[in-house]
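Novice: Input structure: work21.cif, which contains mmCIF, C-alpha atoms.
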data_target
#
loop_
_atom_site.label_atom_id
_atom_site.label_comp_id
_atom_site.auth_asym_id
_atom_site.auth_seq_id
_atom_site.Cartn_x
_atom_site.Cartn_y
_atom_site.Cartn_z
CA MET A 361 -15.70 -13.14 -15.01
CA THR A 362 -12.77 -15.46 -14.28
CA PRO A 363 -11.09 -14.32 -11.05
CA ARG A 364 -7.75 -12.72 -11.76
CA ILE A 365 -5.14 -10.46 -10.25
CA GLU A 366 -3.72 -7.64 -12.32
CA ILE A 367 -0.35 -6.24 -11.29
CA THR A 368 0.83 -3.04 -12.93
CA VAL A 369 4.46 -1.99 -12.55
CA THR A 370 5.50 1.51 -13.61
CA PRO A 371 8.90 2.32 -15.17
CA GLU A 372 9.75 3.85 -11.78
CA GLY A 373 9.12 0.47 -10.14
CA GLU A 374 5.95 1.37 -8.25
CA THR A 375 3.33 -1.34 -8.24
CA SER A 376 -0.43 -1.61 -7.99
CA VAL A 377 -2.31 -4.86 -7.41
CA GLU A 378 -5.93 -5.07 -8.47
CA THR A 379 -8.31 -8.00 -8.06
CA LYS A 380 -11.11 -8.65 -10.52
CA GLY A 381 -14.01 -11.09 -10.55
CA PHE A 382 -13.73 -12.31 -6.96
CA ALA A 383 -16.69 -12.80 -4.63
CA GLY A 384 -16.37 -10.96 -1.33
CA PRO A 385 -13.25 -10.86 0.84
CA ALA A 386 -11.65 -13.81 -1.04
CA CYS A 387 -9.98 -11.20 -3.21
CA LYS A 388 -7.86 -10.05 -0.27
CA ALA A 389 -6.66 -13.55 0.59
CA ALA A 390 -5.81 -14.16 -3.07
CA SER A 391 -3.75 -11.03 -3.58
CA GLN A 392 -2.03 -10.91 -0.16
CA PRO A 393 0.88 -13.25 -1.09
CA TYR A 394 1.62 -11.14 -4.16
CA GLU A 395 1.44 -7.92 -2.13
CA ASP A 396 3.84 -9.37 0.46
CA ALA A 397 6.26 -10.53 -2.24
CA LEU A 398 6.36 -7.13 -3.90
CA GLY A 399 6.91 -4.82 -0.95
CA SER A 400 5.00 -2.65 1.49
CA GLN A 401 1.42 -1.52 1.04
CA THR A 402 1.10 2.27 0.85
CA ALA A 403 -2.60 2.60 -0.02
CA GLU A 404 -5.72 0.50 -0.39
CA ARG A 405 -8.98 1.35 -2.11
CA LEU A 406 -12.11 -0.79 -1.82
CA THR A 407 -14.28 -0.50 -4.90
CA PRO A 408 -18.10 -0.30 -5.02
CA GLU A 409 -18.19 -3.95 -6.13
CA TYR A 410 -16.40 -4.99 -2.94
CA HIS A 411 -19.10 -3.37 -0.78
CA ALA A 412 -21.95 -4.70 -2.94
CA THR A 413 -20.70 -8.25 -2.54
CA GLU A 414 -20.20 -7.74 1.19
CA SER A 415 -23.78 -6.56 1.71
CA VAL A 416 -25.18 -9.58 -0.16
CA SER A 417 -23.17 -11.89 2.11
CA GLU A 418 -24.42 -10.02 5.16
CA GLN A 419 -28.04 -10.39 4.07
CA GLU A 420 -27.53 -14.12 3.57
CA ARG A 421 -25.98 -14.40 7.01
CA LEU A 422 -28.91 -12.61 8.65
CA ARG A 423 -31.42 -14.86 6.85
CA ALA A 424 -29.64 -18.03 8.00
CA MET B 146 -12.96 -5.42 -9.46
CA SER B 147 -13.03 -5.37 -5.72
CA HIS B 148 -9.93 -3.77 -4.34
CA VAL B 149 -6.80 -1.98 -5.46
CA VAL B 150 -3.60 -1.85 -3.44
CA THR B 151 -0.65 0.42 -4.11
CA ILE B 152 2.73 -1.00 -3.12
CA GLU B 153 6.16 0.47 -2.61
CA THR B 154 8.52 -2.10 -4.08
CA LYS B 155 11.00 -3.57 -1.57
CA LEU B 156 13.82 -5.68 -2.94
CA ARG B 157 13.80 -8.25 -0.11
CA ASP B 158 14.13 -11.53 -2.02
CA PRO B 159 17.60 -12.45 -3.33
CA ALA B 160 16.17 -14.91 -5.87
CA ALA B 161 13.95 -12.25 -7.40
CA LEU B 162 16.87 -9.79 -7.40
CA SER B 163 19.05 -12.31 -9.26
CA ALA B 164 16.28 -12.84 -11.81
CA ALA B 165 15.89 -9.06 -12.16
CA CYS B 166 19.63 -8.70 -12.89
CA ALA B 167 19.45 -11.48 -15.49
CA ARG B 168 16.46 -9.69 -17.05
CA LEU B 169 18.49 -6.47 -17.25
CA LYS B 170 21.52 -8.42 -18.59
CA LEU B 171 23.61 -7.55 -15.55
CA PRO B 172 26.02 -9.81 -13.63
CA GLU B 173 24.67 -11.87 -10.73
CA PRO B 174 24.54 -9.66 -7.58
CA ARG B 175 27.14 -10.57 -4.94
CA ASN B 176 27.33 -9.95 -1.22
CA GLU B 177 29.80 -7.12 -0.66
CA THR B 178 30.77 -4.49 1.85
CA VAL B 179 31.11 -1.19 0.04
CA LYS B 180 32.82 1.98 1.22
CA PHE B 181 30.88 4.90 -0.25
CA PHE B 182 32.19 8.40 -1.05
CA ASP B 183 31.13 9.70 2.38
CA GLY B 184 33.35 7.05 3.97
CA ALA B 185 30.46 5.00 5.34
CA GLU B 186 30.64 1.24 4.82
CA HIS B 187 27.50 -0.74 4.09
CA SER B 188 26.88 -4.39 3.28
CA GLY B 189 24.39 -5.97 0.95
CA LEU B 190 23.90 -7.48 -2.47
CA ALA B 191 25.83 -5.35 -4.93
CA VAL B 192 24.32 -4.73 -8.36
CA ARG B 193 26.79 -3.28 -10.85
CA PRO B 194 25.18 -1.52 -13.81
CA PRO B 195 27.46 -0.14 -16.55
CA GLY B 196 28.75 3.39 -15.91
CA PHE B 197 28.20 3.34 -12.14
CA VAL B 198 31.11 4.43 -9.95
CA TYR B 199 29.60 2.76 -6.87
CA PRO B 200 27.43 -0.35 -7.02
CA VAL B 201 23.75 -0.24 -6.19
CA LEU B 202 23.61 -1.94 -2.81
CA VAL B 203 20.45 -3.85 -1.93
CA GLN B 204 20.22 -4.33 1.83
CA THR B 205 18.44 -7.16 3.65
CA ASP B 206 15.43 -4.95 4.49
CA GLY B 207 14.90 -4.40 0.76
CA ASN B 208 16.06 -0.82 0.79
CA VAL B 209 18.53 0.40 -1.79
CA ARG B 210 21.68 2.44 -1.11
CA CYS B 211 23.64 4.11 -3.89
CA ASP B 212 25.61 7.24 -4.68
CA THR B 213 25.11 8.56 -8.21
CA TYR B 214 26.29 12.12 -7.49
CA ASN B 215 23.09 13.52 -9.01
CA GLY B 216 23.43 11.33 -12.07
CA ARG B 217 27.12 12.04 -12.74
CA TRP B 218 28.26 8.69 -11.31
CA GLY B 219 25.36 6.66 -12.65
CA ASP B 220 21.95 7.01 -14.29
CA ASP B 221 19.33 7.67 -11.60
CA ALA B 222 16.62 6.19 -13.84
CA PHE B 223 18.31 2.80 -13.45
CA LEU B 224 16.91 2.47 -9.93
CA GLY B 225 13.37 2.55 -11.35
CA ARG B 226 14.26 -0.04 -13.97
CA LEU B 227 15.79 -2.29 -11.30
CA LYS B 228 12.69 -2.01 -9.10
CA GLN B 229 10.45 -2.70 -12.07
CA ALA B 230 12.42 -5.78 -13.11
CA TYR B 231 12.43 -6.98 -9.51
CA ALA B 232 8.65 -6.57 -9.15
CA VAL B 233 8.00 -8.48 -12.37
CA GLU B 234 10.32 -11.33 -11.41
CA ALA B 235 9.06 -11.48 -7.79
CA ALA B 236 5.48 -11.80 -9.05
CA LYS B 237 6.52 -14.52 -11.51
CA LEU B 238 8.28 -16.50 -8.77
CA GLN B 239 5.22 -16.18 -6.56
CA ALA B 240 2.95 -17.39 -9.38
CA LYS B 241 5.25 -20.32 -10.11
CA ALA B 242 5.33 -21.37 -6.45
CA ARG B 243 1.53 -21.32 -6.27
CA GLY B 244 0.82 -23.03 -9.57
CA HIS B 245 -0.80 -19.91 -10.99
CA ARG B 246 -0.53 -18.74 -14.57
CA ILE B 247 0.97 -15.32 -15.19
CA SER B 248 1.21 -13.37 -18.43
CA GLU B 249 3.18 -10.21 -19.10
CA THR B 250 2.08 -7.31 -21.31
CA PRO B 251 4.26 -4.26 -22.02
CA LEU B 252 2.44 -0.93 -21.67
CA PRO B 253 2.94 2.13 -23.94
CA ASP B 254 4.40 4.19 -21.06
CA GLY B 255 7.16 1.66 -20.40
CA GLY B 256 5.22 -0.04 -17.63
CA VAL B 257 4.38 -3.73 -17.46
CA ARG B 258 1.04 -5.40 -16.73
CA LEU B 259 0.99 -8.89 -15.25
CA THR B 260 -2.22 -10.91 -15.25
CA VAL B 261 -2.46 -13.80 -12.78
CA THR B 262 -5.09 -16.53 -13.14
CA ALA B 263 -5.40 -19.61 -10.95
CA GLY B 264 -7.19 -22.10 -13.21
CA ALA B 265 -8.02 -25.44 -11.59
CA VAL B 266 -5.77 -24.91 -8.53
CA GLY B 267 -7.80 -21.85 -7.46
CA PHE B 268 -6.45 -18.92 -5.49
CA GLY B 269 -7.03 -20.76 -2.21
CA ALA B 270 -6.57 -19.40 1.29
CA ALA B 271 -3.95 -16.98 2.54
CA GLY B 272 -0.52 -18.35 3.39
CA ASN B 273 2.94 -18.04 1.97
CA ALA B 274 3.77 -20.93 -0.33
CA TYR B 275 6.90 -19.15 -1.43
CA GLY B 276 9.30 -19.21 1.49
CA GLY B 277 11.78 -16.61 2.55
CA LEU B 278 9.61 -13.52 2.36
CA ALA B 279 8.31 -11.51 5.29
#
Before anything else, please render the file you have as structure tokens.
Specialist:
Amino acid sequence: MTPRIEITVTPEGETSVETKGFAGPACKAASQPYEDALGSQTAERLTPEYHATESVSEQERLRA
Amino acid sequence: MSHVVTIETKLRDPAALSAACARLKLPEPRNETVKFFDGAEHSGLAVRPPGFVYPVLVQTDGNVRCDTYNGRWGDDAFLGRLKQAYAVEAAKLQAKARGHRISETPLPDGGVRLTVTAGAVGFGAAGNAYGGLA
């Protein structure tokens, strides 16, 4: 999947930023400038995919 | 999908606010000091939607001050529309500054979805290419 950031803005002006298709923590670095430009973070949810990618990286690190 | 962040929109960037006003077909916001009904004076960028007795004042911290007298002196729903327009335009400015592509899709509930892709430039490392924002 091509990495992308999806930003959803409600009619009330509340915003959610969602990253898709990123490998590991790169998703946070990619979306941070957009989050900063939009306002203040009120909640963050890490998805199962985030943790799965993290554990693969950790295994690679331990093998190295 | 890897993470989802919920954000309270803060109208901190004057350029994005100007673009939001243009999007809503409102005059360019101007710096003003406004005396509200309670006698308090506040300064900020004044947005003047039709039908509002007092302007909607956007302060430097991004917070919004207005007095609609429970909707009698202005439509309370306008504040949501202003925040929405601001968020869309702020994201577009950010994408432009970073060389990213951004597309806009209206949603059935009146919301807007923006999709950002980086193409050849990539999303790169953290850092603020678009100056002026905290």
Novice: Quick one: 4 Å padding each side, axis-aligned, all listed atoms of region 399-412 of chain A - centre and edge lengths in Å to one decimal, as lines of an AutoDock Vina configuration file?
Specialist:
center_x = -7.5
center_y = -1.2
center_z = -2.3
size_x = 36.9
size_y = 15.6
size_z = 15.6
Novice: List, as a PyMOL selection string, every residue that the PyMOL selection byres ((chain A and resi 389-401) around 6) selects in the file provided.
Specialist: (chain A and resi 386-388+402-403) or (chain B and resi 151-155+232+268+270-271)
Novice: Between B:Val149, B:Ala242, B:Leu259, B:Val203, which has the minimum distance to Lys228 (chain B) (counting only C-alpha atoms)?
Specialist: B:Val203
Novice: Please work out which residues fall within 8 Å of (6.2, -3.6, -10.1), coordinates as given in the file, with only C-alpha atoms counting, and return them as an MDAnalysis selection string.
Specialist: (chainID A and resid 367:370 373:376 398) or (chainID B and resid 154 228:233 257)
Novice: For the atom pair CA of Ser188 (chain B) and CA of Arg210 (chain B), what is the interatomic distance in Å to one decimal place?
Specialist: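 Between CA of Ser188 (chain B) and CA of Arg210 (chain B) the gap is 9.6 Å.
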Novice: Return the single residue from B:Gly244, B:Pro195, B:Gly207, B:Gly189 that is closest to chain A, with distances computed using all atoms listed in the file.
Specialist: B:Gly207
Novice: Could you state the separation of CA of His148 (chain B) and CA of Arg405 (chain A) in Å, given to one decimal place?
Specialist: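 Straight-line distance from CA of His148 (chain B) to CA of Arg405 (chain A) works out to 5.7 Å.
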